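> Please find start_26.csv (CSV, C-alpha atoms) on the next line:
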```csv
chain,number,residue,atom,x,y,z
E,32,MET,CA,0.0,0.0,0.0
E,33,LEU,CA,2.8,2.4,0.9
E,34,ASN,CA,4.5,1.6,-2.4
E,35,LYS,CA,1.4,2.9,-4.2
E,36,TYR,CA,1.3,6.3,-2.5
E,37,ALA,CA,4.6,7.1,-0.9
E,38,ARG,CA,6.9,6.0,-3.7
E,39,ALA,CA,5.6,8.6,-6.2
E,40,PHE,CA,5.9,11.3,-3.6
E,41,PHE,CA,9.5,10.5,-2.6
E,42,THR,CA,10.5,10.0,-6.2
E,43,ARG,CA,9.5,13.6,-6.9
E,44,VAL,CA,11.3,14.9,-3.9
E,45,LEU,CA,14.5,12.9,-4.7
E,46,THR,CA,14.6,13.8,-8.4
E,47,PRO,CA,16.8,16.9,-8.0
E,48,PHE,CA,19.3,14.8,-6.0
E,49,ALA,CA,19.3,12.1,-8.6
E,50,SER,CA,20.0,14.7,-11.3
E,51,PHE,CA,22.9,16.1,-9.2
E,52,LEU,CA,24.5,12.6,-9.0
E,53,ILE,CA,24.1,12.1,-12.7
E,54,ARG,CA,25.9,15.4,-13.4
E,55,ARG,CA,28.7,14.2,-11.2
E,56,GLY,CA,29.1,11.0,-13.2
E,57,VAL,CA,27.8,8.6,-10.6
E,58,SER,CA,26.1,5.5,-12.0
E,59,PRO,CA,22.8,4.0,-10.7
E,60,ASP,CA,24.6,0.7,-9.8
E,61,THR,CA,27.1,2.6,-7.7
E,62,VAL,CA,24.2,4.2,-5.7
E,63,THR,CA,22.6,0.8,-5.3
E,64,LEU,CA,25.8,-0.7,-3.9
E,65,LEU,CA,26.7,2.2,-1.6
E,66,GLY,CA,23.1,2.4,-0.3
E,67,THR,CA,23.1,-1.3,0.6
E,68,ALA,CA,26.5,-1.1,2.2
E,69,GLY,CA,25.3,1.8,4.4
E,70,VAL,CA,22.1,0.0,5.5
E,71,VAL,CA,24.1,-3.2,6.3
E,72,ALA,CA,26.7,-1.2,8.3
E,73,GLY,CA,24.1,0.7,10.2
E,74,ALA,CA,22.1,-2.4,11.0
E,75,LEU,CA,25.0,-4.7,11.9
E,76,VAL,CA,27.1,-2.2,13.8
E,77,PHE,CA,24.6,-0.2,15.8
E,78,TYR,CA,21.6,-2.6,16.4
E,79,PRO,CA,23.6,-5.4,18.0
E,80,MET,CA,24.9,-2.8,20.5
E,81,GLY,CA,21.3,-1.7,21.3
E,82,GLU,CA,21.9,1.7,19.6
E,83,PHE,CA,18.5,1.7,17.9
E,84,PHE,CA,18.2,5.5,17.5
E,85,TRP,CA,21.5,6.1,15.8
E,86,GLY,CA,21.3,2.9,13.8
E,87,THR,CA,18.0,3.9,12.4
E,88,VAL,CA,19.3,7.4,11.6
E,89,VAL,CA,22.2,5.8,9.6
E,90,ILE,CA,19.9,3.3,7.9
E,91,THR,CA,17.4,6.0,6.9
E,92,LEU,CA,20.1,8.1,5.3
E,93,PHE,CA,20.9,5.2,3.0
E,94,VAL,CA,17.6,3.4,2.5
E,95,PHE,CA,16.3,6.1,0.1
E,96,SER,CA,19.0,5.0,-2.4
E,97,ASP,CA,16.5,2.4,-3.5
E,98,LEU,CA,14.5,5.2,-5.0
E,99,VAL,CA,17.4,7.3,-6.2
E,100,ASP,CA,19.0,4.6,-8.3
E,101,GLY,CA,15.8,3.9,-10.2
E,102,ASN,CA,15.2,7.6,-10.7
E,103,MET,CA,18.7,7.9,-12.1
E,104,ALA,CA,18.2,5.0,-14.4
E,105,ARG,CA,15.0,6.4,-15.8
E,106,GLN,CA,16.6,9.8,-16.4
E,107,LEU,CA,19.5,8.2,-18.2
E,108,GLY,CA,17.2,5.8,-20.2
E,109,ARG,CA,19.2,2.9,-18.8
E,110,SER,CA,16.5,0.8,-17.2
E,111,SER,CA,17.8,-2.8,-17.7
E,112,ARG,CA,17.2,-6.3,-16.5
E,113,TRP,CA,20.6,-6.3,-14.8
E,114,GLY,CA,19.7,-3.1,-12.8
E,115,ALA,CA,16.4,-4.6,-11.7
E,116,PHE,CA,18.1,-7.8,-10.7
E,117,LEU,CA,20.8,-6.1,-8.8
E,118,ASP,CA,18.4,-3.8,-7.0
E,119,SER,CA,16.0,-6.6,-6.0
E,120,THR,CA,18.9,-8.8,-4.8
E,121,LEU,CA,20.5,-6.2,-2.7
E,122,ASP,CA,17.1,-5.2,-1.2
E,123,ARG,CA,17.0,-8.7,0.2
E,124,VAL,CA,20.5,-8.3,1.7
E,125,ALA,CA,19.5,-5.0,3.3
E,126,ASP,CA,16.3,-6.4,4.8
E,127,GLY,CA,18.2,-9.4,6.2
E,128,ALA,CA,20.8,-7.1,7.8
E,129,ILE,CA,18.1,-5.1,9.6
E,130,PHE,CA,16.3,-8.0,11.1
E,131,GLY,CA,19.5,-9.8,11.6
E,132,GLY,CA,20.8,-6.8,13.7
E,133,PHE,CA,17.7,-7.1,15.9
E,134,ALA,CA,18.2,-10.8,16.3
E,135,LEU,CA,21.9,-10.3,17.3
E,136,TRP,CA,20.8,-7.7,20.0
E,137,TYR,CA,18.3,-10.0,21.5
E,138,ALA,CA,20.7,-13.0,21.4
E,139,GLY,CA,23.3,-10.9,23.2
E,140,GLY,CA,22.8,-7.8,25.3
E,141,GLY,CA,19.0,-7.8,24.9
E,142,ASP,CA,18.9,-11.3,26.4
E,143,ASP,CA,15.5,-12.3,25.1
E,144,ILE,CA,15.4,-15.6,23.2
E,145,ALA,CA,11.7,-15.2,22.2
E,146,LEU,CA,12.3,-11.8,20.6
E,147,CYS,CA,15.4,-13.2,18.9
E,148,ALA,CA,13.3,-15.9,17.4
E,149,VAL,CA,10.6,-13.4,16.3
E,150,SER,CA,13.4,-11.3,14.6
E,151,ILE,CA,14.6,-14.3,12.8
E,152,PHE,CA,11.1,-15.1,11.7
E,153,CYS,CA,10.7,-11.5,10.4
E,154,LEU,CA,13.9,-12.0,8.4
E,155,ALA,CA,12.9,-15.3,6.9
E,156,SER,CA,9.3,-14.5,6.2
E,157,GLY,CA,10.2,-11.2,4.5
E,158,GLN,CA,12.4,-13.1,2.1
E,159,VAL,CA,9.7,-15.7,1.4
E,160,VAL,CA,7.0,-13.1,0.9
E,161,SER,CA,9.1,-11.4,-1.8
E,162,TYR,CA,10.0,-14.8,-3.3
E,163,THR,CA,6.4,-15.9,-3.7
E,164,LYS,CA,5.5,-12.9,-5.9
E,165,ALA,CA,8.7,-13.1,-7.9
E,166,ARG,CA,8.3,-16.9,-8.5
E,167,GLY,CA,4.6,-16.6,-9.3
E,168,GLU,CA,5.4,-13.9,-11.9
E,169,SER,CA,8.3,-16.0,-13.3
E,170,ILE,CA,5.9,-18.8,-14.2
E,171,GLY,CA,3.5,-16.4,-16.0
E,172,LEU,CA,1.0,-15.7,-13.3
E,173,PRO,CA,-0.1,-12.1,-12.5
E,174,VAL,CA,-0.1,-12.6,-8.7
E,175,ALA,CA,-2.7,-9.9,-8.5
E,176,VAL,CA,-2.4,-9.2,-4.8
E,177,ASN,CA,0.1,-7.2,-2.8
E,178,GLY,CA,-0.9,-8.4,0.6
E,179,LEU,CA,-1.3,-6.7,4.0
E,180,VAL,CA,2.4,-6.0,4.7
E,181,GLU,CA,4.8,-5.4,1.8
E,182,ARG,CA,8.5,-4.5,2.0
E,183,ALA,CA,7.7,-0.8,2.5
E,184,GLU,CA,5.4,-1.5,5.4
E,185,ARG,CA,7.9,-3.8,7.0
E,186,LEU,CA,10.6,-1.3,6.9
E,187,VAL,CA,8.5,1.7,8.0
E,188,ILE,CA,7.1,-0.2,11.0
E,189,ALA,CA,10.4,-1.7,12.0
E,190,LEU,CA,12.6,1.4,11.5
E,191,THR,CA,10.2,4.0,12.9
E,192,LEU,CA,9.5,2.0,16.1
E,193,ALA,CA,13.1,1.0,16.5
E,194,GLY,CA,14.2,4.6,16.2
E,195,LEU,CA,11.7,5.7,18.8
E,196,ALA,CA,12.6,2.8,21.1
E,197,GLY,CA,16.2,4.0,20.9
E,198,LEU,CA,15.1,7.3,22.7
E,199,HIS,CA,15.0,5.2,25.9
E,200,LYS,CA,18.8,5.8,26.1
E,201,PHE,CA,18.0,9.6,26.2
E,202,GLY,CA,15.8,9.2,29.2
E,203,VAL,CA,12.4,8.6,27.6
E,204,PRO,CA,10.8,6.0,29.9
E,205,GLY,CA,8.9,2.9,28.7
E,206,ILE,CA,9.5,3.6,25.1
E,207,GLN,CA,11.8,0.7,24.6
E,208,TYR,CA,8.8,-1.6,24.3
E,209,LEU,CA,7.9,-0.2,20.9
E,210,LEU,CA,10.5,-2.4,19.2
E,211,PRO,CA,9.1,-5.7,20.5
E,212,ILE,CA,5.6,-4.4,19.4
E,213,ALA,CA,7.1,-3.6,15.9
E,214,LEU,CA,8.6,-7.1,15.6
E,215,TRP,CA,5.4,-8.9,16.5
E,216,VAL,CA,3.4,-6.7,14.1
E,217,VAL,CA,5.8,-7.3,11.2
E,218,ALA,CA,5.9,-11.1,12.0
E,219,VAL,CA,2.1,-11.5,12.0
E,220,GLY,CA,1.6,-9.1,9.0
E,221,SER,CA,4.2,-11.0,7.0
E,222,LEU,CA,2.6,-14.3,7.8
E,223,ILE,CA,-0.8,-13.0,6.7
E,224,THR,CA,0.8,-11.6,3.5
E,225,LEU,CA,2.5,-14.9,2.7
E,226,ILE,CA,-0.8,-16.8,3.1
E,227,GLN,CA,-2.6,-14.2,0.8
E,228,ARG,CA,0.0,-14.6,-1.9
E,229,VAL,CA,0.2,-18.4,-1.8
E,230,VAL,CA,-3.6,-18.6,-2.0
E,231,THR,CA,-3.6,-16.2,-4.9
E,232,VAL,CA,-1.0,-18.1,-6.8
E,233,ARG,CA,-2.9,-21.3,-6.2
E,234,ARG,CA,-6.1,-19.8,-7.5
E,235,GLU,CA,-4.5,-18.2,-10.5
E,236,SER,CA,-2.6,-21.4,-11.3
E,237,ALA,CA,-5.9,-23.4,-11.2
E,238,GLU,CA,-7.6,-20.8,-13.4
E,239,ALA,CA,-4.7,-20.9,-15.9
E,240,GLU,CA,-4.9,-24.7,-16.1
E,241,GLN,CA,-8.6,-24.6,-16.7
E,242,ALA,CA,-8.3,-22.0,-19.4
E,243,ALA,CA,-5.6,-24.1,-21.1
E,244,GLU,CA,-7.8,-27.2,-21.0
E,245,ALA,CA,-10.7,-25.3,-22.4
E,246,VAL,CA,-8.6,-24.1,-25.3
E,247,GLN,CA,-7.2,-27.6,-26.0
E,248,ALA,CA,-10.8,-29.0,-25.9
E,249,ALA,CA,-11.9,-26.3,-28.4
E,250,ASP,CA,-9.1,-27.2,-30.8
E,251,GLU,CA,-9.9,-30.9,-30.8
E,252,PRO,CA,-12.3,-32.0,-33.7
E,253,SER,CA,-15.8,-33.0,-32.6
E,254,ALA,CA,-16.8,-36.7,-33.0
E,255,ASP,CA,-19.8,-35.6,-35.2
E,256,GLU,CA,-17.6,-33.8,-37.7
E,257,PRO,CA,-16.7,-35.8,-40.9
E,258,SER,CA,-13.2,-36.9,-41.1
E,259,ALA,CA,-11.0,-35.9,-44.1
E,260,THR,CA,-10.4,-39.6,-44.6
E,261,GLY,CA,-14.1,-40.6,-44.3
E,262,PRO,CA,-16.6,-41.6,-47.0
E,263,ALA,CA,-16.9,-38.1,-48.4
E,264,ALA,CA,-13.2,-37.9,-49.0
E,265,GLY,CA,-13.3,-41.4,-50.6
E,266,GLU,CA,-16.2,-40.3,-52.9
E,267,SER,CA,-14.3,-37.3,-54.0
E,268,ARG,CA,-11.2,-39.4,-54.9
E,269,GLU,CA,-13.4,-41.8,-56.9
E,270,GLN,CA,-15.1,-38.9,-58.8
E,271,GLY,CA,-11.7,-37.6,-59.6
E,272,SER,CA,-10.6,-40.9,-60.9
E,273,GLU,CA,-13.7,-41.2,-63.2
E,274,ALA,CA,-13.0,-37.7,-64.6
E,275,ALA,CA,-9.5,-38.7,-65.4
E,276,LYS,CA,-10.5,-41.7,-67.5
```
Would you encode the structure as structure tokens?


Amino acid sequence: MLNKYARAFFTRVLTPFASFLIRRGVSPDTVTLLGTAGVVAGALVFYPMGEFFWGTVVITLFVFSDLVDGNMARQLGRSSRWGAFLDSTLDRVADGAIFGGFALWYAGGGDDIALCAVSIFCLASGQVVSYTKARGESIGLPVAVNGLVERAERLVIALTLAGLAGLHKFGVPGIQYLLPIALWVVAVGSLITLIQRVVTVRRESAEAEQAAEAVQAADEPSADEPSATGPAAGESREQGSEAAK
């Protein structure tokens, strides 16, 4: 849902910055790689130490590269399969680093095995949710459902509440509980989205198979239609033979 409304807004906002990078000779692939490196560093350096506020600040500075690189590619007329592949692949790396950072915190200083497990579930389910849509589309199905929680929602919920939870170190009481809430919301939302997409792919697959069977049945000759080798064809050959005599 956020992809539908927020992406267009931020694309307009970031267009001048994308144009500036183009004038400086920076390539879209470079922006993609640097953006991912920044997100991974912010997540795996700050989050395992419990520095959720500063980690979120660093990640937010780099996460918009996902919009900037695409904007640059469109301005340059260089939209390509390679660029789409690289961008999608590194998105999975960045997402894994964010929830991996949470898992490392709860496995260490956070000392909460349950939330460590929830973080790992968020990491894995996010990857599978993205894969179900990509795989469904690769076999020719439209996968005409986005689901309750897409990548944008997962990141906004996790990063916003993680950043706010980090204010606990600045003396804001009780706010540290926002991060566990965020993780549970993302976990449940991702599970619902996964179910929605699997059900949709199953339905579309069945519909596609039924349509293919209907086309095949329509192409097969009816039993009531005369065969080209039947009596009529034989009579025509006999008449032709008589005319030739």

> What does the distance from atom CA of E:Asp118 to atom CA of E:Ser150 come to in Å, to one decimal?

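Interatomic distance, atom CA of E:Asp118 to atom CA of E:Ser150: 23.4 Å.
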
> Skip E:Val187 itself and residues of its chain fewer than 2 positions away, then list as a VMD selection string all residues within 12 Å of it, counting all atoms listed in the file.

chain E and resid 32 to 34 37 87 90 to 91 94 to 95 126 129 180 to 185 189 to 195 213 to 214 216 to 217

> For the atom pair atom CA of E:Gly140 and atom CA of E:Val219, what is the interatomic distance in Å to one decimal place?

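Interatomic distance here is 24.9 Å.
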
> Using all atoms listed in the file, which residue out of E:Pro173, E:Gly81, E:Gly127, E:Gly114 lies closest to E:Leu210?

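Residue with the minimum atom-to-atom distance to E:Leu210: E:Gly81.
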
> Taking all atoms listed in the file into account, which of E:Glu244, E:Asp142, E:Glu168, E:Asp100 comes nearest E:Val57?

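Between E:Glu244, E:Asp142, E:Glu168, E:Asp100, the residue approaching E:Val57 most closely is E:Asp100.
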
> E:Val124, E:Leu117, E:Leu225, E:Ala104: which is nearest E:Val71, counting only C-alpha atoms?

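For E:Val71, the nearest of the candidates is E:Val124.
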
> I'd like the interatomic distance between atom CA of E:Thr63 and atom CA of E:Asp97, to a tenth of an Å.

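Separation between atom CA of E:Thr63 and atom CA of E:Asp97: 6.6 Å.
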